[in-house]
Every structure is written in C-alpha cells, then in structure tokens.
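What follows is coords-v5.cif (mmCIF, N, CA and C atoms).
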```
data_model
#
loop_
_atom_site.label_atom_id
_atom_site.label_comp_id
_atom_site.auth_asym_id
_atom_site.auth_seq_id
_atom_site.Cartn_x
_atom_site.Cartn_y
_atom_site.Cartn_z
N ASN A 58 55.51 76.74 120.51
CA ASN A 58 54.35 77.54 120.89
C ASN A 58 54.43 78.95 120.33
N GLY A 59 55.48 79.27 119.53
CA GLY A 59 55.57 80.57 118.88
C GLY A 59 56.22 81.65 119.72
N THR A 60 56.69 81.33 120.91
CA THR A 60 57.35 82.35 121.72
C THR A 60 58.86 82.16 121.64
N ILE A 61 59.55 83.25 121.82
CA ILE A 61 61.01 83.23 121.81
C ILE A 61 61.48 83.21 123.25
N PRO A 62 62.30 82.21 123.61
CA PRO A 62 62.75 82.15 125.01
C PRO A 62 63.66 83.32 125.33
N SER A 63 63.59 83.77 126.59
CA SER A 63 64.48 84.85 127.00
C SER A 63 65.87 84.28 127.19
N GLY A 64 66.87 85.16 127.07
CA GLY A 64 68.24 84.71 127.21
C GLY A 64 69.09 85.79 127.82
N ASN A 65 70.31 85.46 128.08
CA ASN A 65 71.23 86.40 128.68
C ASN A 65 72.47 86.48 127.79
N ILE A 66 72.67 87.62 127.15
CA ILE A 66 73.84 87.83 126.31
C ILE A 66 74.78 88.74 127.08
N THR A 67 75.97 88.23 127.34
CA THR A 67 76.93 89.01 128.11
C THR A 67 77.70 89.96 127.19
N THR A 68 78.30 90.96 127.79
CA THR A 68 79.11 91.90 127.03
C THR A 68 80.24 91.18 126.33
N ALA A 69 80.85 90.21 126.99
CA ALA A 69 81.94 89.44 126.38
C ALA A 69 81.46 88.70 125.14
N SER A 70 80.24 88.18 125.17
CA SER A 70 79.70 87.47 124.01
C SER A 70 79.50 88.42 122.84
N LEU A 71 79.04 89.62 123.12
CA LEU A 71 78.86 90.61 122.05
C LEU A 71 80.18 91.01 121.43
N ALA A 72 81.18 91.21 122.27
CA ALA A 72 82.50 91.59 121.76
C ALA A 72 83.08 90.48 120.89
N ALA A 73 82.93 89.24 121.31
CA ALA A 73 83.45 88.12 120.54
C ALA A 73 82.73 87.98 119.21
N ALA A 74 81.44 88.27 119.19
CA ALA A 74 80.66 88.14 117.95
C ALA A 74 81.09 89.18 116.92
N ALA A 75 81.62 90.30 117.37
CA ALA A 75 82.00 91.37 116.45
C ALA A 75 83.40 91.19 115.89
N THR A 76 84.17 90.25 116.41
CA THR A 76 85.55 90.04 115.95
C THR A 76 85.57 89.76 114.45
N GLY A 77 86.50 90.43 113.76
CA GLY A 77 86.65 90.22 112.32
C GLY A 77 85.83 91.17 111.47
N LYS A 78 84.98 91.96 112.07
CA LYS A 78 84.14 92.90 111.34
C LYS A 78 84.96 94.12 110.90
N VAL A 79 84.75 94.58 109.68
CA VAL A 79 85.42 95.79 109.19
C VAL A 79 84.72 97.00 109.82
N LEU A 80 85.49 97.80 110.54
CA LEU A 80 84.93 98.94 111.26
C LEU A 80 85.06 100.25 110.48
N GLN A 81 86.15 100.40 109.73
CA GLN A 81 86.34 101.59 108.90
C GLN A 81 87.37 101.31 107.83
N ILE A 82 87.28 102.08 106.76
CA ILE A 82 88.21 101.96 105.64
C ILE A 82 88.71 103.35 105.28
N ILE A 83 90.03 103.48 105.15
CA ILE A 83 90.66 104.73 104.74
C ILE A 83 91.40 104.47 103.44
N ASN A 84 91.17 105.29 102.43
CA ASN A 84 91.85 105.17 101.14
C ASN A 84 92.70 106.41 100.89
N ALA A 85 93.88 106.19 100.32
CA ALA A 85 94.75 107.30 99.93
C ALA A 85 95.40 106.96 98.61
N ASN A 86 95.72 107.98 97.85
CA ASN A 86 96.44 107.76 96.60
C ASN A 86 97.26 109.01 96.26
N THR A 87 98.25 108.80 95.41
CA THR A 87 99.04 109.92 94.91
C THR A 87 99.52 109.60 93.50
N GLY A 88 99.63 110.62 92.70
CA GLY A 88 100.17 110.49 91.36
C GLY A 88 101.37 111.39 91.14
N THR A 89 101.89 111.96 92.23
CA THR A 89 103.04 112.85 92.15
C THR A 89 104.33 112.03 92.03
N GLN A 90 105.01 112.18 90.93
CA GLN A 90 106.22 111.40 90.67
C GLN A 90 107.36 111.85 91.58
N VAL A 91 108.10 110.86 92.12
CA VAL A 91 109.28 111.11 92.94
C VAL A 91 110.40 110.24 92.38
N THR A 92 111.59 110.81 92.15
CA THR A 92 112.70 110.06 91.56
C THR A 92 113.84 109.90 92.56
N SER A 93 114.70 108.91 92.29
CA SER A 93 115.87 108.69 93.14
C SER A 93 117.01 108.07 92.34
N ASN A 94 118.22 108.50 92.65
CA ASN A 94 119.43 107.83 92.17
C ASN A 94 120.33 107.52 93.36
N SER A 95 119.70 107.43 94.55
CA SER A 95 120.43 107.23 95.80
C SER A 95 119.99 105.95 96.49
N ALA A 96 120.90 105.32 97.23
CA ALA A 96 120.58 104.14 98.02
C ALA A 96 119.91 104.51 99.34
N THR A 97 119.86 105.79 99.67
CA THR A 97 119.21 106.26 100.89
C THR A 97 117.69 106.26 100.69
N TYR A 98 116.95 105.73 101.66
CA TYR A 98 115.49 105.68 101.56
C TYR A 98 114.88 107.07 101.70
N ALA A 99 113.83 107.31 100.91
CA ALA A 99 113.13 108.59 100.93
C ALA A 99 111.63 108.34 100.83
N ASP A 100 110.84 109.27 101.32
CA ASP A 100 109.38 109.14 101.25
C ASP A 100 108.90 109.12 99.81
N THR A 101 107.88 108.32 99.54
CA THR A 101 107.30 108.24 98.20
C THR A 101 106.15 109.21 98.02
N GLY A 102 105.64 109.77 99.11
CA GLY A 102 104.47 110.63 99.03
C GLY A 102 103.17 109.88 99.27
N LEU A 103 103.24 108.55 99.39
CA LEU A 103 102.04 107.75 99.66
C LEU A 103 101.92 107.55 101.16
N THR A 104 100.88 108.11 101.75
CA THR A 104 100.68 108.05 103.20
C THR A 104 99.19 108.07 103.52
N ALA A 105 98.83 107.44 104.64
CA ALA A 105 97.44 107.44 105.11
C ALA A 105 97.44 107.29 106.62
N ALA A 106 96.44 107.87 107.28
CA ALA A 106 96.32 107.80 108.74
C ALA A 106 94.95 107.24 109.11
N ILE A 107 94.92 106.49 110.21
CA ILE A 107 93.68 105.91 110.71
C ILE A 107 93.71 105.98 112.23
N THR A 108 92.54 106.17 112.84
CA THR A 108 92.42 106.18 114.29
C THR A 108 91.61 104.96 114.70
N PRO A 109 92.27 103.92 115.21
CA PRO A 109 91.54 102.71 115.62
C PRO A 109 90.56 103.01 116.75
N SER A 110 89.45 102.30 116.76
CA SER A 110 88.43 102.52 117.79
C SER A 110 88.70 101.72 119.06
N ALA A 111 89.61 100.74 118.99
CA ALA A 111 89.96 99.94 120.17
C ALA A 111 91.41 99.48 120.06
N THR A 112 92.05 99.26 121.20
CA THR A 112 93.44 98.78 121.17
C THR A 112 93.55 97.36 120.63
N SER A 113 92.45 96.62 120.65
CA SER A 113 92.46 95.24 120.14
C SER A 113 92.27 95.17 118.62
N SER A 114 91.98 96.29 117.99
CA SER A 114 91.75 96.30 116.54
C SER A 114 93.01 95.96 115.77
N LYS A 115 92.82 95.32 114.63
CA LYS A 115 93.90 95.06 113.68
C LYS A 115 93.72 96.04 112.53
N ILE A 116 94.83 96.38 111.87
CA ILE A 116 94.76 97.24 110.69
C ILE A 116 95.30 96.44 109.51
N LEU A 117 94.45 96.22 108.52
CA LEU A 117 94.89 95.57 107.29
C LEU A 117 95.42 96.66 106.37
N VAL A 118 96.70 96.57 106.02
CA VAL A 118 97.38 97.57 105.20
C VAL A 118 97.56 96.98 103.80
N LEU A 119 97.01 97.65 102.79
CA LEU A 119 97.13 97.22 101.39
C LEU A 119 97.81 98.34 100.62
N VAL A 120 98.87 97.99 99.88
CA VAL A 120 99.63 98.99 99.11
C VAL A 120 99.80 98.49 97.68
N GLN A 121 99.58 99.38 96.73
CA GLN A 121 99.92 99.16 95.33
C GLN A 121 100.72 100.37 94.88
N GLN A 122 102.03 100.18 94.71
CA GLN A 122 102.93 101.30 94.41
C GLN A 122 103.47 101.13 92.99
N SER A 123 103.30 102.15 92.16
CA SER A 123 103.84 102.09 90.81
C SER A 123 105.30 102.53 90.82
N VAL A 124 106.13 101.80 90.06
CA VAL A 124 107.57 102.07 90.02
C VAL A 124 108.03 101.96 88.57
N GLY A 125 108.91 102.86 88.15
CA GLY A 125 109.46 102.80 86.80
C GLY A 125 110.93 103.18 86.79
N LYS A 126 111.59 102.94 85.68
CA LYS A 126 113.02 103.20 85.56
C LYS A 126 113.26 104.19 84.42
N TYR A 127 114.05 105.22 84.70
CA TYR A 127 114.44 106.18 83.67
C TYR A 127 115.67 105.71 82.92
N SER A 128 116.68 105.29 83.69
CA SER A 128 117.95 104.94 83.05
C SER A 128 118.74 103.99 83.93
N GLY A 129 119.72 103.33 83.34
CA GLY A 129 120.62 102.47 84.09
C GLY A 129 120.01 101.12 84.42
N ASP A 130 120.85 100.23 84.92
CA ASP A 130 120.43 98.90 85.32
C ASP A 130 120.45 98.87 86.84
N THR A 131 119.31 99.03 87.46
CA THR A 131 119.26 99.19 88.90
C THR A 131 118.08 98.44 89.50
N LYS A 132 118.10 98.29 90.78
CA LYS A 132 117.00 97.69 91.54
C LYS A 132 116.43 98.75 92.46
N GLY A 133 115.14 98.68 92.66
CA GLY A 133 114.49 99.59 93.59
C GLY A 133 113.86 98.79 94.72
N ASN A 134 113.80 99.38 95.88
CA ASN A 134 113.20 98.74 97.05
C ASN A 134 112.15 99.66 97.65
N ILE A 135 111.11 99.05 98.18
CA ILE A 135 110.04 99.78 98.87
C ILE A 135 109.96 99.26 100.29
N ARG A 136 109.78 100.16 101.24
CA ARG A 136 109.53 99.80 102.64
C ARG A 136 108.19 100.41 103.06
N VAL A 137 107.49 99.71 103.95
CA VAL A 137 106.22 100.20 104.50
C VAL A 137 106.43 100.45 106.00
N TYR A 138 105.98 101.60 106.46
CA TYR A 138 106.17 102.00 107.85
C TYR A 138 104.84 102.30 108.53
N ARG A 139 104.79 101.96 109.83
CA ARG A 139 103.78 102.51 110.74
C ARG A 139 104.55 103.49 111.60
N GLY A 140 104.28 104.77 111.43
CA GLY A 140 105.09 105.78 112.11
C GLY A 140 106.53 105.65 111.67
N SER A 141 107.44 105.43 112.61
CA SER A 141 108.86 105.25 112.26
C SER A 141 109.28 103.77 112.30
N THR A 142 108.30 102.86 112.49
CA THR A 142 108.60 101.43 112.57
C THR A 142 108.36 100.76 111.23
N GLU A 143 109.40 100.12 110.70
CA GLU A 143 109.23 99.38 109.44
C GLU A 143 108.41 98.13 109.69
N ILE A 144 107.36 97.92 108.87
CA ILE A 144 106.52 96.73 109.02
C ILE A 144 106.58 95.82 107.79
N GLY A 145 107.27 96.24 106.73
CA GLY A 145 107.39 95.39 105.56
C GLY A 145 108.29 95.99 104.52
N ASP A 146 108.87 95.11 103.66
CA ASP A 146 109.73 95.61 102.60
C ASP A 146 109.89 94.57 101.50
N THR A 147 110.58 94.97 100.44
CA THR A 147 110.95 94.03 99.40
C THR A 147 112.30 93.44 99.77
N ASP A 148 112.66 92.35 99.16
CA ASP A 148 113.95 91.70 99.41
C ASP A 148 115.00 92.38 98.54
N SER A 149 115.85 93.20 99.16
CA SER A 149 116.80 93.99 98.40
C SER A 149 117.86 93.15 97.70
N SER A 150 118.07 91.93 98.15
CA SER A 150 119.10 91.11 97.52
C SER A 150 118.60 90.43 96.25
N ALA A 151 117.29 90.30 96.09
CA ALA A 151 116.79 89.53 94.96
C ALA A 151 115.71 90.21 94.14
N THR A 152 115.03 91.19 94.70
CA THR A 152 113.86 91.75 94.05
C THR A 152 114.18 93.01 93.27
N ASN A 153 113.84 93.01 92.02
CA ASN A 153 113.95 94.21 91.21
C ASN A 153 112.54 94.66 90.90
N ILE A 154 112.03 95.62 91.68
CA ILE A 154 110.64 96.02 91.49
C ILE A 154 110.49 97.08 90.40
N VAL A 155 111.59 97.56 89.88
CA VAL A 155 111.51 98.59 88.84
C VAL A 155 110.81 98.01 87.62
N GLY A 156 109.77 98.69 87.19
CA GLY A 156 109.02 98.26 86.01
C GLY A 156 107.91 97.28 86.31
N THR A 157 107.89 96.73 87.52
CA THR A 157 106.85 95.76 87.86
C THR A 157 105.90 96.26 88.92
N GLY A 158 106.32 97.26 89.68
CA GLY A 158 105.47 97.77 90.74
C GLY A 158 105.62 96.97 92.01
N PHE A 159 104.90 97.37 93.03
CA PHE A 159 105.01 96.78 94.36
C PHE A 159 103.62 96.60 94.92
N SER A 160 103.27 95.38 95.29
CA SER A 160 102.01 95.08 95.96
C SER A 160 102.33 94.51 97.33
N TYR A 161 101.59 94.95 98.32
CA TYR A 161 101.89 94.54 99.69
C TYR A 161 100.61 94.49 100.49
N SER A 162 100.49 93.47 101.33
CA SER A 162 99.39 93.41 102.29
C SER A 162 99.94 92.90 103.62
N TYR A 163 99.42 93.45 104.70
CA TYR A 163 99.92 93.11 106.03
C TYR A 163 98.84 93.42 107.05
N GLN A 164 98.64 92.51 108.00
CA GLN A 164 97.72 92.77 109.10
C GLN A 164 98.53 93.23 110.30
N ASP A 165 98.38 94.49 110.65
CA ASP A 165 99.16 95.12 111.71
C ASP A 165 98.35 95.17 113.00
N SER A 166 99.04 95.19 114.12
CA SER A 166 98.42 95.31 115.45
C SER A 166 99.03 96.51 116.17
N PRO A 167 98.54 97.72 115.89
CA PRO A 167 99.17 98.91 116.49
C PRO A 167 98.89 99.08 117.98
N SER A 168 97.87 98.40 118.54
CA SER A 168 97.53 98.49 119.97
C SER A 168 97.40 99.94 120.43
N SER A 169 96.61 100.70 119.68
CA SER A 169 96.47 102.13 119.96
C SER A 169 95.07 102.61 119.59
N THR A 170 94.63 103.66 120.26
CA THR A 170 93.40 104.35 119.85
C THR A 170 93.73 105.79 119.43
N SER A 171 95.02 106.06 119.26
CA SER A 171 95.47 107.34 118.71
C SER A 171 95.66 107.20 117.21
N SER A 172 95.74 108.30 116.52
CA SER A 172 95.96 108.28 115.08
C SER A 172 97.26 107.56 114.75
N VAL A 173 97.20 106.66 113.77
CA VAL A 173 98.36 105.88 113.33
C VAL A 173 98.58 106.19 111.86
N THR A 174 99.81 106.58 111.50
CA THR A 174 100.13 106.93 110.12
C THR A 174 100.98 105.84 109.49
N TYR A 175 100.59 105.45 108.27
CA TYR A 175 101.33 104.49 107.47
C TYR A 175 101.87 105.22 106.24
N LYS A 176 103.07 104.83 105.80
CA LYS A 176 103.66 105.44 104.62
C LYS A 176 104.60 104.46 103.95
N THR A 177 105.01 104.80 102.74
CA THR A 177 106.03 104.01 102.06
C THR A 177 107.25 104.88 101.79
N GLN A 178 108.42 104.23 101.74
CA GLN A 178 109.66 104.86 101.33
C GLN A 178 110.30 103.97 100.28
N PHE A 179 111.18 104.57 99.46
CA PHE A 179 111.86 103.80 98.42
C PHE A 179 113.31 104.24 98.30
N ASN A 180 114.09 103.39 97.64
CA ASN A 180 115.47 103.77 97.33
C ASN A 180 115.85 103.17 95.98
N ASN A 181 117.01 103.57 95.52
CA ASN A 181 117.62 103.03 94.32
C ASN A 181 118.73 102.12 94.84
N ASN A 182 118.45 100.84 94.94
CA ASN A 182 119.33 99.90 95.64
C ASN A 182 120.77 99.94 95.15
N ASP A 183 120.98 100.02 93.86
CA ASP A 183 122.34 100.01 93.32
C ASP A 183 122.93 101.40 93.18
N ALA A 184 122.15 102.43 93.50
CA ALA A 184 122.57 103.83 93.34
C ALA A 184 123.13 104.07 91.95
N ALA A 185 122.50 103.44 90.97
CA ALA A 185 122.90 103.59 89.56
C ALA A 185 121.65 103.91 88.76
N GLY A 186 121.78 104.77 87.80
CA GLY A 186 120.59 105.13 87.03
C GLY A 186 119.60 105.90 87.89
N THR A 187 118.38 105.98 87.42
CA THR A 187 117.32 106.71 88.13
C THR A 187 116.04 105.91 88.09
N ILE A 188 115.39 105.78 89.24
CA ILE A 188 114.08 105.15 89.30
C ILE A 188 113.06 106.17 89.81
N ALA A 189 111.79 105.86 89.58
CA ALA A 189 110.73 106.76 90.02
C ALA A 189 109.55 105.97 90.55
N VAL A 190 108.93 106.48 91.61
CA VAL A 190 107.63 105.99 92.04
C VAL A 190 106.59 106.95 91.47
N GLN A 191 105.38 106.41 91.24
CA GLN A 191 104.35 107.15 90.51
C GLN A 191 104.92 107.56 89.15
N TYR A 192 105.61 106.61 88.52
CA TYR A 192 106.30 106.81 87.25
C TYR A 192 105.34 107.41 86.22
N SER A 193 105.75 108.47 85.57
CA SER A 193 104.94 109.19 84.58
C SER A 193 103.57 109.56 85.13
N SER A 194 103.55 109.92 86.41
CA SER A 194 102.35 110.37 87.12
C SER A 194 101.28 109.29 87.24
N SER A 195 101.67 108.00 87.16
CA SER A 195 100.71 106.92 87.40
C SER A 195 100.38 106.90 88.90
N GLN A 196 99.23 106.35 89.24
CA GLN A 196 98.74 106.40 90.61
C GLN A 196 99.28 105.26 91.47
N SER A 197 99.53 105.56 92.73
CA SER A 197 99.84 104.57 93.76
C SER A 197 98.75 104.66 94.81
N TYR A 198 98.42 103.53 95.44
CA TYR A 198 97.27 103.47 96.35
C TYR A 198 97.63 102.81 97.67
N MET A 199 96.99 103.28 98.74
CA MET A 199 97.08 102.64 100.04
C MET A 199 95.67 102.58 100.62
N THR A 200 95.30 101.41 101.13
CA THR A 200 94.02 101.22 101.81
C THR A 200 94.30 100.69 103.21
N LEU A 201 93.68 101.30 104.20
CA LEU A 201 93.76 100.85 105.60
C LEU A 201 92.38 100.41 106.03
N MET A 202 92.27 99.20 106.54
CA MET A 202 90.98 98.69 107.05
C MET A 202 91.13 98.34 108.52
N GLU A 203 90.29 98.94 109.36
CA GLU A 203 90.27 98.56 110.76
C GLU A 203 89.39 97.33 110.90
N ILE A 204 89.97 96.27 111.49
CA ILE A 204 89.26 95.01 111.71
C ILE A 204 89.09 94.83 113.22
N ALA A 205 87.86 94.60 113.68
CA ALA A 205 87.62 94.38 115.10
C ALA A 205 88.38 93.17 115.59
N GLY A 206 89.10 93.33 116.71
CA GLY A 206 89.92 92.26 117.24
C GLY A 206 89.34 91.60 118.45
#
```
Render the structure in this file as structure tokens.
Amino acid sequence: NGTIPSGNITTASLAAAATGKVLQIINANTGTQVTSNSATYADTGLTAAITPSATSSKILVLVQQSVGKYSGDTKGNIRVYRGSTEIGDTDSSATNIVGTGFSYSYQDSPSSTSSVTYKTQFNNNDAAGTIAVQYSSSQSYMTLMEIAG
C-alpha cells in the first residue's frame, strides 16, 4: 500500500550495526635517520597517538619502517609498543630486517577512552656494524585506525 511500517530500533541494535565501522584515522611519519650499533632497544622516532571514542573500540596499527645497514654483518629488530607494553616484534633469532624494512599490522584492544600512544623501537641484534631506521632519510609510516567494537 506504499506505507512504511513503524518499528522499534533499540539502542543495542544501533550499537551492533555500527560494529566494524572506521571511526577515525591518525597518520604519522618521520624521515629523521636514527642509527644504532647496540643491542639495547631505542626509539626510532616513529610515534602516533589516538584517543578512542569508546572502551570497546579496536585500534588497527599499521607500520612501515625503513631500515638500512651502514657496515658489518648484523641483524636488526623492530618492536611496536602501546605505551610501555610491547604488542609486536620481529623474530630476533631468524629475521634480518636490515635492507628489507619492516611491515607490521595488528588489531589492538586498548580498552580506554584516554589518549593511547604507539611507537616503534629498534636495536642492532648482533651489536656489530651499524644499522639505521629512516635510512638515508627515507620515510617511515604509522597509521592508527579506530574501529567500532
């Protein structure tokens, strides 16, 4: 008859329908070269912060880190942190990321509506030679996407 029947949409139904929707995107990049000849982890200079809109939100963390080698036969490792908590890394026993770069993706659940900071750190696994992130001032990138949970 051309009429639309009335209905009742509950708040819970609306919340469920929004699950998986991208709510915000934060991009960060750096081209400042940082070098290491130490096995001790140090900041790479790649960092980004996001403030989730709900504690149920997920944060999709995407990292593309450039890495190069100046000298020596060494392995480099990258770690990804939320605040002071490590959420991902390379396999230090098998992975030589020097010269190949580092790509990483992870869906995090920070359970917070306060600002959350993500960063990367690196080391020179064998403490031999010298490695660099943002090698020759090439760019490294981090993208944070808040996904409704």
Test item: residues at most 12 Å from range 105-118 of chain A, only C-alpha atoms, excluding those fewer than 5 positions along its chain, as a PyMOL selection string:
chain A and resi 72-73+75-87+137-140+144-145+160-177+197-206
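Separating CA of Gly158 in chain A from CA of Gln122 in chain A is a distance of 5.7 Å.
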Per DSSP on the backbone, what are the strand (DSSP E or B) residues of chain A, as a count of residues only?
74
Coordinates-based distance that separates atom C of Ser141 in chain A from atom N of Phe159 in chain A (Å, one decimal):
20.8 Å
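For the file shown, the residue list from the PyMOL selection byres ((chain A and resi 91) around 5) reads Thr89, Gln90, Thr92, Ser93, Ala189 and Val190 of chain A.
Distance check against Tyr127 in chain A using all atoms listed in the file: of A:Gln178, A:Thr104, A:Thr187, A:Ser193, the minimum falls on A:Thr187.
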If you measure from atom C of Asn94 in chain A to atom C of Gln196 in chain A, what distance in Å do you get, rounded to one decimal?
21.3 Å
Counting only C-alpha atoms, note down every residue that has an atom within 6 Å of the point (111.6, 99.3, 98.2) (file coordinates), as a PDB file with N, CA and C atoms, in the coordinates of the input.
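See result35.pdb below for the written result:
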```pdb
ATOM      1  N   GLY A 133     115.140  98.680  92.660  1.00  0.00           N
ATOM      2  CA  GLY A 133     114.490  99.590  93.590  1.00  0.00           C
ATOM      3  C   GLY A 133     113.860  98.790  94.720  1.00  0.00           C
ATOM      4  N   ASN A 134     113.800  99.380  95.880  1.00  0.00           N
ATOM      5  CA  ASN A 134     113.200  98.740  97.050  1.00  0.00           C
ATOM      6  C   ASN A 134     112.150  99.660  97.650  1.00  0.00           C
ATOM      7  N   ILE A 135     111.110  99.050  98.180  1.00  0.00           N
ATOM      8  CA  ILE A 135     110.040  99.780  98.870  1.00  0.00           C
ATOM      9  C   ILE A 135     109.960  99.260 100.290  1.00  0.00           C
ATOM     10  N   ARG A 136     109.780 100.160 101.240  1.00  0.00           N
ATOM     11  CA  ARG A 136     109.530  99.800 102.640  1.00  0.00           C
ATOM     12  C   ARG A 136     108.190 100.410 103.060  1.00  0.00           C
ATOM     13  N   THR A 147     110.580  94.970 100.440  1.00  0.00           N
ATOM     14  CA  THR A 147     110.950  94.030  99.400  1.00  0.00           C
ATOM     15  C   THR A 147     112.300  93.440  99.770  1.00  0.00           C
ATOM     16  N   PHE A 179     111.180 104.570  99.460  1.00  0.00           N
ATOM     17  CA  PHE A 179     111.860 103.800  98.420  1.00  0.00           C
ATOM     18  C   PHE A 179     113.310 104.240  98.300  1.00  0.00           C
ATOM     19  N   ASN A 180     114.090 103.390  97.640  1.00  0.00           N
ATOM     20  CA  ASN A 180     115.470 103.770  97.330  1.00  0.00           C
ATOM     21  C   ASN A 180     115.850 103.170  95.980  1.00  0.00           C
TER      22      ASN A 180
END
```
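Residues of protein, DNA and RNA with at least one atom no farther than 6 Å from (118.9, 96.8, 94.1) are, using only C-alpha atoms, Thr131, Lys132, Gly133, Ser149, Asn182 and Asp183 of chain A.
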Which residues fall under the PyMOL selection byres (((chain A and resi 97 and name CA) around 8) and name CA) in this file, as a count of residues only?
6
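Take the candidates A:Gly88, A:Thr101, A:Glu143, A:Ile188 and check each one against Ser128 in chain A using only C-alpha atoms; the shortest distance goes to A:Ile188.
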